[in-house]
>>> print(open('entry_1.pdb').read())   # PDB, C-alpha atoms
ATOM      1  CA  VAL X 208    -136.655-119.298  80.736
ATOM      2  CA  LYS X 209    -136.940-121.917  78.014
ATOM      3  CA  ASN X 210    -137.398-125.623  78.670
ATOM      4  CA  PRO X 211    -135.962-125.427  82.193
ATOM      5  CA  PHE X 212    -134.979-128.572  84.045
ATOM      6  CA  ALA X 213    -133.940-126.804  87.259
ATOM      7  CA  VAL X 214    -134.422-123.116  88.011
ATOM      8  CA  GLY X 215    -132.505-120.905  90.427
ATOM      9  CA  GLN X 216    -132.382-117.188  91.158
ATOM     10  CA  HIS X 217    -129.731-116.290  88.591
ATOM     11  CA  VAL X 218    -129.312-119.354  86.396
ATOM     12  CA  TYR X 219    -131.307-122.289  85.195
ATOM     13  CA  LEU X 220    -130.281-125.670  83.844
ATOM     14  CA  ARG X 221    -131.784-127.108  80.691
ATOM     15  CA  HIS X 222    -131.156-129.838  78.179
ATOM     16  CA  PRO X 223    -128.358-128.824  75.797
ATOM     17  CA  THR X 224    -129.315-128.060  72.221
ATOM     18  CA  SER X 225    -127.492-128.500  68.934
ATOM     19  CA  GLU X 226    -127.170-124.691  68.899
ATOM     20  CA  ASP X 227    -125.278-124.928  72.207
ATOM     21  CA  ALA X 228    -122.934-127.505  70.706
ATOM     22  CA  GLU X 229    -122.325-125.296  67.700
ATOM     23  CA  GLY X 230    -121.970-122.137  69.766
ATOM     24  CA  ARG X 231    -119.292-121.201  72.248
ATOM     25  CA  TRP X 232    -119.341-124.515  74.130
ATOM     26  CA  HIS X 233    -116.665-126.125  71.966
ATOM     27  CA  GLU X 234    -114.449-123.039  72.325
ATOM     28  CA  TRP X 235    -114.568-123.177  76.125
ATOM     29  CA  LEU X 236    -113.131-126.692  75.990
ATOM     30  CA  SER X 237    -110.178-125.570  73.924
ATOM     31  CA  ASP X 238    -109.413-122.485  75.997
ATOM     32  CA  GLU X 239    -106.217-122.884  78.014
ATOM     33  CA  GLU X 240    -107.488-121.179  81.151
ATOM     34  CA  THR X 241    -110.891-122.907  81.152
ATOM     35  CA  THR X 242    -109.379-126.342  80.647
ATOM     36  CA  ARG X 243    -106.445-125.893  83.007
ATOM     37  CA  TRP X 244    -108.062-128.100  85.630
ATOM     38  CA  LEU X 245    -110.166-130.278  83.323
ATOM     39  CA  VAL X 246    -108.062-133.395  83.220
ATOM     40  CA  LEU X 247    -109.832-134.934  80.243
ATOM     41  CA  HIS X 248    -109.717-131.822  78.082
ATOM     42  CA  GLN X 249    -106.076-131.340  77.164
ATOM     43  CA  TRP X 250    -106.657-131.817  73.450
ATOM     44  CA  PRO X 251    -108.062-129.213  71.051
ATOM     45  CA  ASN X 252    -111.835-129.302  70.818
ATOM     46  CA  SER X 253    -113.897-128.684  67.684
ATOM     47  CA  VAL X 254    -117.512-128.151  66.678
ATOM     48  CA  ASP X 255    -117.573-131.706  65.317
ATOM     49  CA  SER X 256    -116.263-133.138  68.604
ATOM     50  CA  GLN X 257    -118.826-131.115  70.510
ATOM     51  CA  ARG X 258    -121.644-132.330  68.261
ATOM     52  CA  GLU X 259    -120.514-135.934  68.813
ATOM     53  CA  PHE X 260    -120.443-135.411  72.568
ATOM     54  CA  TYR X 261    -123.869-133.777  72.445
ATOM     55  CA  ASP X 262    -125.322-136.638  70.385
ATOM     56  CA  ALA X 263    -123.839-139.266  72.674
ATOM     57  CA  SER X 264    -124.929-137.422  75.811
ATOM     58  CA  ARG X 265    -128.554-137.000  74.847
ATOM     59  CA  ARG X 266    -128.882-140.761  74.357
ATOM     60  CA  SER X 267    -127.017-141.621  77.529
ATOM     61  CA  ARG X 268    -128.633-142.622  80.804
ATOM     62  CA  GLU X 269    -125.241-142.802  82.505
ATOM     63  CA  ARG X 270    -124.438-139.152  81.925
ATOM     64  CA  LEU X 271    -126.773-136.205  82.412
ATOM     65  CA  VAL X 272    -125.404-133.097  80.714
ATOM     66  CA  LEU X 273    -127.143-129.782  81.309
ATOM     67  CA  SER X 274    -126.503-126.343  79.906
ATOM     68  CA  VAL X 275    -126.167-123.493  82.404
ATOM     69  CA  ILE X 276    -128.196-120.487  81.258
ATOM     70  CA  ASP X 277    -128.101-116.945  82.655
ATOM     71  CA  LYS X 278    -131.731-116.116  83.427
ATOM     72  CA  ALA X 279    -131.340-112.400  82.760
ATOM     73  CA  THR X 280    -129.952-112.747  79.249
ATOM     74  CA  GLU X 281    -130.804-116.336  78.220
ATOM     75  CA  GLN X 282    -127.107-116.708  77.411
ATOM     76  CA  HIS X 283    -125.537-120.162  77.485
ATOM     77  CA  ILE X 284    -122.726-119.554  79.985
ATOM     78  CA  GLY X 285    -121.580-123.011  80.982
ATOM     79  CA  VAL X 286    -122.217-126.682  81.259
ATOM     80  CA  CYS X 287    -122.560-129.120  84.100
ATOM     81  CA  ASN X 288    -123.009-132.831  84.338
ATOM     82  CA  LEU X 289    -123.603-135.859  86.439
ATOM     83  CA  SER X 290    -121.459-138.575  84.878
ATOM     84  CA  GLY X 291    -120.748-142.213  85.565
ATOM     85  CA  ILE X 292    -124.259-142.589  86.956
ATOM     86  CA  ASN X 293    -124.574-146.030  88.479
ATOM     87  CA  TRP X 294    -128.242-146.961  88.797
ATOM     88  CA  VAL X 295    -127.549-150.059  90.897
ATOM     89  CA  HIS X 296    -125.453-148.417  93.590
ATOM     90  CA  ARG X 297    -126.928-144.961  92.926
ATOM     91  CA  PHE X 298    -123.819-142.822  92.756
ATOM     92  CA  CYS X 299    -122.361-140.444  90.194
ATOM     93  CA  ASP X 300    -119.603-137.927  89.578
ATOM     94  CA  VAL X 301    -120.251-134.200  89.365
ATOM     95  CA  ALA X 302    -118.714-131.340  87.376
ATOM     96  CA  VAL X 303    -119.600-127.705  86.657
ATOM     97  CA  VAL X 304    -117.829-125.446  84.165
ATOM     98  CA  ILE X 305    -118.660-121.781  83.632
ATOM     99  CA  GLY X 306    -117.173-121.127  80.219
ATOM    100  CA  GLU X 307    -117.999-117.466  79.692
ATOM    101  CA  PRO X 308    -115.334-115.455  81.554
ATOM    102  CA  GLU X 309    -117.641-112.594  82.601
ATOM    103  CA  PHE X 310    -119.842-115.075  84.483
ATOM    104  CA  ARG X 311    -116.997-116.548  86.512
ATOM    105  CA  THR X 312    -117.479-113.847  89.113
ATOM    106  CA  GLY X 313    -120.788-113.696  90.882
ATOM    107  CA  PRO X 314    -123.153-116.415  92.029
ATOM    108  CA  TYR X 315    -123.400-118.471  88.836
ATOM    109  CA  VAL X 316    -121.097-121.402  89.519
ATOM    110  CA  VAL X 317    -122.275-121.843  93.104
ATOM    111  CA  GLU X 318    -125.910-121.752  92.065
ATOM    112  CA  ALA X 319    -125.337-124.205  89.204
ATOM    113  CA  MET X 320    -123.741-126.634  91.651
ATOM    114  CA  ALA X 321    -126.600-126.211  94.131
ATOM    115  CA  LEU X 322    -129.161-126.944  91.401
ATOM    116  CA  LEU X 323    -127.218-129.933  90.141
ATOM    117  CA  LEU X 324    -126.944-131.479  93.615
ATOM    118  CA  ARG X 325    -130.697-131.081  94.046
ATOM    119  CA  VAL X 326    -131.228-132.839  90.706
ATOM    120  CA  ALA X 327    -128.910-135.676  91.736
ATOM    121  CA  PHE X 328    -130.378-136.288  95.161
ATOM    122  CA  LEU X 329    -134.057-135.435  94.741
ATOM    123  CA  ARG X 330    -134.949-136.071  91.104
ATOM    124  CA  LEU X 331    -132.625-138.907  90.179
ATOM    125  CA  ASN X 332    -132.650-140.554  93.603
ATOM    126  CA  LEU X 333    -128.880-140.832  93.705
ATOM    127  CA  ARG X 334    -127.332-141.301  97.144
ATOM    128  CA  VAL X 335    -123.668-140.427  96.723
ATOM    129  CA  VAL X 336    -122.138-137.687  94.584
ATOM    130  CA  LYS X 337    -118.420-138.148  94.042
ATOM    131  CA  SER X 338    -115.961-135.608  92.800
ATOM    132  CA  SER X 339    -112.378-135.637  91.692
ATOM    133  CA  PHE X 340    -110.273-132.526  91.241
ATOM    134  CA  ALA X 341    -106.699-131.321  91.137
ATOM    135  CA  GLY X 342    -105.122-130.429  94.465
ATOM    136  CA  GLY X 343    -103.920-127.018  93.321
ATOM    137  CA  ASN X 344    -107.319-125.926  92.079
ATOM    138  CA  GLU X 345    -108.350-123.418  94.742
ATOM    139  CA  ALA X 346    -111.752-122.714  93.200
ATOM    140  CA  SER X 347    -112.662-126.395  93.195
ATOM    141  CA  GLN X 348    -111.402-126.864  96.734
ATOM    142  CA  LEU X 349    -113.516-123.936  97.956
ATOM    143  CA  MET X 350    -116.575-125.155  96.061
ATOM    144  CA  HIS X 351    -116.306-128.560  97.681
ATOM    145  CA  ASP X 352    -115.793-126.966 101.103
ATOM    146  CA  VAL X 353    -118.825-124.719 100.654
ATOM    147  CA  PHE X 354    -121.058-127.676  99.777
ATOM    148  CA  LYS X 355    -119.477-129.792 102.534
ATOM    149  CA  PHE X 356    -118.029-132.527 100.410
ATOM    150  CA  ARG X 357    -115.757-134.767 102.487
ATOM    151  CA  GLU X 358    -112.287-135.489 101.205
ATOM    152  CA  VAL X 359    -111.945-139.266 101.271
ATOM    153  CA  GLY X 360    -108.631-139.744  99.552
ATOM    154  CA  ARG X 361    -105.824-138.468  97.388
ATOM    155  CA  ILE X 362    -103.668-139.895  94.677
ATOM    156  CA  ASP X 363    -100.310-138.226  95.099
ATOM    157  CA  GLN X 364     -99.027-136.132  92.236
ATOM    158  CA  LEU X 365    -101.307-137.587  89.577
ATOM    159  CA  PHE X 366    -102.026-134.487  87.484
ATOM    160  CA  TRP X 367     -99.587-132.383  85.498
ATOM    161  CA  ASP X 368    -100.146-128.650  85.920
ATOM    162  CA  ARG X 369     -97.857-126.170  84.203
ATOM    163  CA  GLY X 370     -94.551-127.646  85.237
ATOM    164  CA  ARG X 371     -95.470-129.571  88.387
ATOM    165  CA  TYR X 372     -97.477-132.563  89.461
ATOM    166  CA  VAL X 373    -100.394-132.024  91.818
ATOM    167  CA  ASP X 374    -102.551-134.435  93.795
ATOM    168  CA  ASN X 375    -105.870-135.827  92.655
ATOM    169  CA  VAL X 376    -108.325-135.075  95.467
ATOM    170  CA  ILE X 377    -111.317-137.392  95.784
ATOM    171  CA  ALA X 378    -114.329-136.106  97.686
ATOM    172  CA  VAL X 379    -117.859-137.308  98.326
ATOM    173  CA  LEU X 380    -121.169-135.885  99.450
ATOM    174  CA  THR X 381    -123.867-138.303 100.579
ATOM    175  CA  ARG X 382    -127.548-137.581 100.308
ATOM    176  CA  ARG X 383    -127.843-138.042 104.072
ATOM    177  CA  GLU X 384    -125.266-135.289 104.695
ATOM    178  CA  TRP X 385    -126.746-133.008 102.049
ATOM    179  CA  ALA X 386    -130.316-133.536 103.285
ATOM    180  CA  ALA X 387    -129.397-132.911 106.920
ATOM    181  CA  ARG X 388    -127.675-129.632 106.059
ATOM    182  CA  ASN X 389    -130.608-128.544 103.914
ATOM    183  CA  GLY X 390    -133.267-129.322 106.493
ATOM    184  CA  LEU X 391    -134.675-132.339 104.670
ATOM    185  CA  PRO X 392    -134.234-135.103 107.245
ATOM    186  CA  ASP X 393    -137.141-137.133 105.859
ATOM    187  CA  ILE X 394    -135.072-138.165 102.865
ATOM    188  CA  ALA X 395    -131.935-138.847 104.904
ATOM    189  CA  ASP X 396    -131.940-142.486 103.940
ATOM    190  CA  GLU X 397    -129.421-145.254 104.104
ATOM    191  CA  ALA X 398    -126.484-143.468 102.507
TER     192      ALA X 398
ATOM    193  CA  MET P 186    -129.289-108.583 115.440
ATOM    194  CA  THR P 187    -126.776-106.517 117.361
ATOM    195  CA  ALA P 188    -124.433-103.852 116.060
ATOM    196  CA  ASP P 189    -121.664-106.189 117.159
ATOM    197  CA  VAL P 190    -122.776-108.826 114.660
ATOM    198  CA  ARG P 191    -123.011-106.189 111.929
ATOM    199  CA  GLU P 192    -119.472-105.079 112.713
ATOM    200  CA  GLN P 193    -118.251-108.646 112.702
ATOM    201  CA  VAL P 194    -119.779-109.287 109.278
ATOM    202  CA  VAL P 195    -118.346-106.049 107.915
ATOM    203  CA  ASP P 196    -114.906-107.021 109.257
ATOM    204  CA  ILE P 197    -115.117-110.473 107.697
ATOM    205  CA  VAL P 198    -116.172-109.056 104.331
ATOM    206  CA  ALA P 199    -113.424-106.417 104.454
ATOM    207  CA  THR P 200    -110.776-108.996 105.326
ATOM    208  CA  ILE P 201    -111.836-111.478 102.636
ATOM    209  CA  VAL P 202    -112.341-108.890  99.919
ATOM    210  CA  GLY P 203    -109.206-106.984 100.926
ATOM    211  CA  VAL P 204    -110.565-103.505 101.632
ATOM    212  CA  ASP P 205    -110.713-101.158 104.613
ATOM    213  CA  PRO P 206    -113.766-101.888 106.818
ATOM    214  CA  ALA P 207    -114.735 -98.227 106.376
ATOM    215  CA  GLN P 208    -115.459 -99.029 102.729
ATOM    216  CA  VAL P 209    -117.963-101.730 103.633
ATOM    217  CA  ASP P 210    -121.579-101.162 104.661
ATOM    218  CA  GLU P 211    -124.814-103.138 104.477
ATOM    219  CA  ASN P 212    -125.247-102.301 100.805
ATOM    220  CA  SER P 213    -121.811-103.611  99.830
ATOM    221  CA  SER P 214    -122.057-106.442  97.321
ATOM    222  CA  SER P 215    -120.188-108.258  94.604
ATOM    223  CA  SER P 216    -121.271-105.449  92.282
ATOM    224  CA  SER P 217    -119.946-102.606  94.437
ATOM    225  CA  LEU P 218    -116.717-104.181  95.731
ATOM    226  CA  ALA P 219    -114.318-105.086  92.946
ATOM    227  CA  GLY P 220    -112.568-107.763  95.002
ATOM    228  CA  TRP P 221    -115.797-109.669  95.745
ATOM    229  CA  ASP P 222    -115.368-112.296  93.025
ATOM    230  CA  SER P 223    -116.705-115.843  93.055
ATOM    231  CA  LEU P 224    -113.561-117.220  94.725
ATOM    232  CA  ARG P 225    -113.791-114.706  97.563
ATOM    233  CA  HIS P 226    -117.537-115.254  97.701
ATOM    234  CA  MET P 227    -116.917-118.885  98.617
ATOM    235  CA  LYS P 228    -114.246-117.850 101.138
ATOM    236  CA  LEU P 229    -116.750-115.435 102.622
ATOM    237  CA  VAL P 230    -119.410-118.127 103.018
ATOM    238  CA  LEU P 231    -116.901-120.374 104.805
ATOM    239  CA  ALA P 232    -115.577-117.543 107.000
ATOM    240  CA  VAL P 233    -119.077-116.516 108.141
ATOM    241  CA  GLU P 234    -119.963-120.140 108.881
ATOM    242  CA  GLU P 235    -116.822-120.528 110.958
ATOM    243  CA  ALA P 236    -117.148-117.222 112.807
ATOM    244  CA  PHE P 237    -120.785-117.790 113.792
ATOM    245  CA  ARG P 238    -120.563-121.585 114.063
ATOM    246  CA  ILE P 239    -123.404-122.191 111.664
ATOM    247  CA  ARG P 240    -124.015-124.106 108.447
ATOM    248  CA  PHE P 241    -125.805-122.480 105.543
ATOM    249  CA  THR P 242    -128.245-124.439 103.398
ATOM    250  CA  ASP P 243    -127.713-124.453  99.639
ATOM    251  CA  ASP P 244    -130.542-121.937  99.190
ATOM    252  CA  GLU P 245    -128.981-119.646 101.781
ATOM    253  CA  ILE P 246    -125.565-119.868 100.124
ATOM    254  CA  VAL P 247    -127.110-118.818  96.833
ATOM    255  CA  SER P 248    -129.075-115.998  98.484
ATOM    256  CA  ILE P 249    -125.918-114.286  99.778
ATOM    257  CA  THR P 250    -125.515-111.331  97.452
ATOM    258  CA  ASP P 251    -124.513-108.490  99.771
ATOM    259  CA  VAL P 252    -123.666-107.682 103.378
ATOM    260  CA  ARG P 253    -127.313-107.091 104.240
ATOM    261  CA  SER P 254    -128.285-110.575 103.066
ATOM    262  CA  ILE P 255    -125.641-112.109 105.334
ATOM    263  CA  ILE P 256    -126.893-110.135 108.340
ATOM    264  CA  ARG P 257    -130.492-111.142 107.567
ATOM    265  CA  LEU P 258    -129.531-114.791 107.301
ATOM    266  CA  LEU P 259    -127.689-114.659 110.596
ATOM    267  CA  ALA P 260    -130.698-113.022 112.229
ATOM    268  CA  ARG P 261    -133.002-115.703 110.874
ATOM    269  CA  LYS P 262    -130.712-118.537 111.896
ATOM    270  CA  SER P 263    -130.253-117.173 115.412
ATOM    271  CA  GLY P 264    -133.932-116.301 115.777
ATOM    272  CA  VAL P 265    -133.114-112.674 116.503
ATOM    273  CA  THR P 266    -134.626-109.886 114.429
ATOM    274  CA  SER P 267    -132.672-106.800 113.481
TER     275      SER P 267
END
>>> encode(input="entry_1.pdb", output="structure tokens")
Amino acid sequence: VKNPFAVGQHVYLRHPTSEDAEGRWHEWLSDEETTRWLVLHQWPNSVDSQREFYDASRRSRERLVLSVIDKATEQHIGVCNLSGINWVHRFCDVAVVIGEPEFRTGPYVVEAMALLLRVAFLRLNLRVVKSSFAGGNEASQLMHDVFKFREVGRIDQLFWDRGRYVDNVIAVLTRREWAARNGLPDIADEA
Amino acid sequence: MTADVREQVVDIVATIVGVDPAQVDENSSSSSLAGWDSLRHMKLVLAVEEAFRIRFTDDEIVSITDVRSIIRLLARKSGVTS
């Protein structure tokens, strides 16, 4: 485990490195299957684009990008982020992508999300985590159900998916809800 | 933890993963059952929560790796030892 920011049983999250940006990361964000549900990634990605994103991200205080690392192999298997962090109102958006196909089964994505929520609520003192995903994305829907996000709205048929339009689902998880479920009532604050 | 609960968990796992309950025992896991992928893992978490009217914590969700771990969690949450 090298330079960990958050450590779980199977994965840990750490600051991305330039080696990450120059490795497989940029390929994941060009891959048709990986990007199917990533609304902002419908254009080919390149090493240069990934380096630019990495450079911009490491200076940003509105976006926390973390690499997802398999503890057993130290392999960079995905990326997750808290974006649109608003330090006045203390909310953000959340996203997790497991790029390496062999790590899409197993506990990796669920554990990365659990670690990221803990970072958002406990370390960064954020009070609302928002999420936006495509209505036909079963994996995202299940992930949000597992972590008890509440659906708060939909924009009908906003996203194009292989020949059809699907809804944009908007969901939120407050720190109060998250803390209550995780047995941490003392931090169940005003959210 | 009663045999009834064990059977219920085995039935839930078998249904979600899509195998005969006879193929599922306490050692069954995502490694031993081909259909136990991450999508079905999340379905399994939700199905167990619904069946036993409980809510797992994030740590508990992550700790579910096999049938035995589910049964242990249920025992701990209900205060009954196996």
>>> resolve_selection(input="entry_1.pdb", expression="the PyMOL selection byres ((chain P) within 7 of (chain X))", output="list in words")
Ser215, Asp222, Ser223, Leu224, Met227, Lys228, Leu231, Thr242, Asp243 and Val247 of chain P
>>> closest_residue(input="entry_1.pdb", among="X:Ala341, X:Val336, X:Leu273, X:Val254", to="Val376 (chain X)", atoms="all atoms listed in the file")
X:Ala341
>>> atom_distance(input="entry_1.pdb", atom1="CA of Asp277 (chain X)", atom2="CA of Ile197 (chain P)")
28.9 Å
>>> atom_distance(input="entry_1.pdb", atom1="CA of Asn288 (chain X)", atom2="CA of Arg371 (chain X)")
28.0 Å
>>> atom_distance(input="entry_1.pdb", atom1="CA of Ser267 (chain X)", atom2="CA of Ile284 (chain X)")
22.6 Å
>>> resolve_selection(input="entry_1.pdb", expression="the PyMOL selection byres ((chain P and resi 251) around 9)", output="list of chain:residue names")
P:Glu211, P:Asn212, P:Ser213, P:Ser214, P:Ser215, P:Ser216, P:Ser248, P:Ile249, P:Thr250, P:Val252, P:Arg253, P:Ser254, P:Ile255
>>> resolve_selection(input="entry_1.pdb", expression="the PyMOL selection byres ((chain X and resi 256) around 12)", output="number ranges by chain")
X: 228-229, 232-234, 236-237, 248, 250-255, 257-263
>>> write_last_selection(input="entry_1.pdb", atoms="C-alpha atoms", output="mmCIF file, in the coordinates of the input")
data_model
loop_
_atom_site.group_PDB
_atom_site.id
_atom_site.type_symbol
_atom_site.label_atom_id
_atom_site.label_comp_id
_atom_site.auth_asym_id
_atom_site.auth_seq_id
_atom_site.Cartn_x
_atom_site.Cartn_y
_atom_site.Cartn_z
ATOM 1 C CA ALA X 228 -122.934 -127.505 70.706
ATOM 2 C CA GLU X 229 -122.325 -125.296 67.700
ATOM 3 C CA TRP X 232 -119.341 -124.515 74.130
ATOM 4 C CA HIS X 233 -116.665 -126.125 71.966
ATOM 5 C CA GLU X 234 -114.449 -123.039 72.325
ATOM 6 C CA LEU X 236 -113.131 -126.692 75.990
ATOM 7 C CA SER X 237 -110.178 -125.570 73.924
ATOM 8 C CA HIS X 248 -109.717 -131.822 78.082
ATOM 9 C CA TRP X 250 -106.657 -131.817 73.450
ATOM 10 C CA PRO X 251 -108.062 -129.213 71.051
ATOM 11 C CA ASN X 252 -111.835 -129.302 70.818
ATOM 12 C CA SER X 253 -113.897 -128.684 67.684
ATOM 13 C CA VAL X 254 -117.512 -128.151 66.678
ATOM 14 C CA ASP X 255 -117.573 -131.706 65.317
ATOM 15 C CA GLN X 257 -118.826 -131.115 70.510
ATOM 16 C CA ARG X 258 -121.644 -132.330 68.261
ATOM 17 C CA GLU X 259 -120.514 -135.934 68.813
ATOM 18 C CA PHE X 260 -120.443 -135.411 72.568
ATOM 19 C CA TYR X 261 -123.869 -133.777 72.445
ATOM 20 C CA ASP X 262 -125.322 -136.638 70.385
ATOM 21 C CA ALA X 263 -123.839 -139.266 72.674
#
>>> axis_aligned_box(input="entry_1.pdb", around="region 236-249 of chain P", padding_each_side="4 Å", output="AutoDock Vina command-line options")
--center_x -123.8 --center_y -119.4 --center_z 105.4 --size_x 21.4 --size_y 18.2 --size_z 25.2
>>> closest_residue(input="entry_1.pdb", among="P:Val230, P:Arg238, P:Arg261, P:Ile256", to="Asp189 (chain P)", atoms="all atoms listed in the file")
P:Ile256
>>> residues_around(input="entry_1.pdb", residues="Val195 (chain P)", least_positions_apart="4", cutoff="7 Å", atoms="all atoms listed in the file", output="list in words")
Arg191, Ala199, Pro206, Val209 and Asp210 of chain P
>>> closest_residue(input="entry_1.pdb", among="X:Val303, X:Val373, X:Val379, X:Leu365", to="Lys337 (chain X)", atoms="all atoms listed in the file")
X:Val379
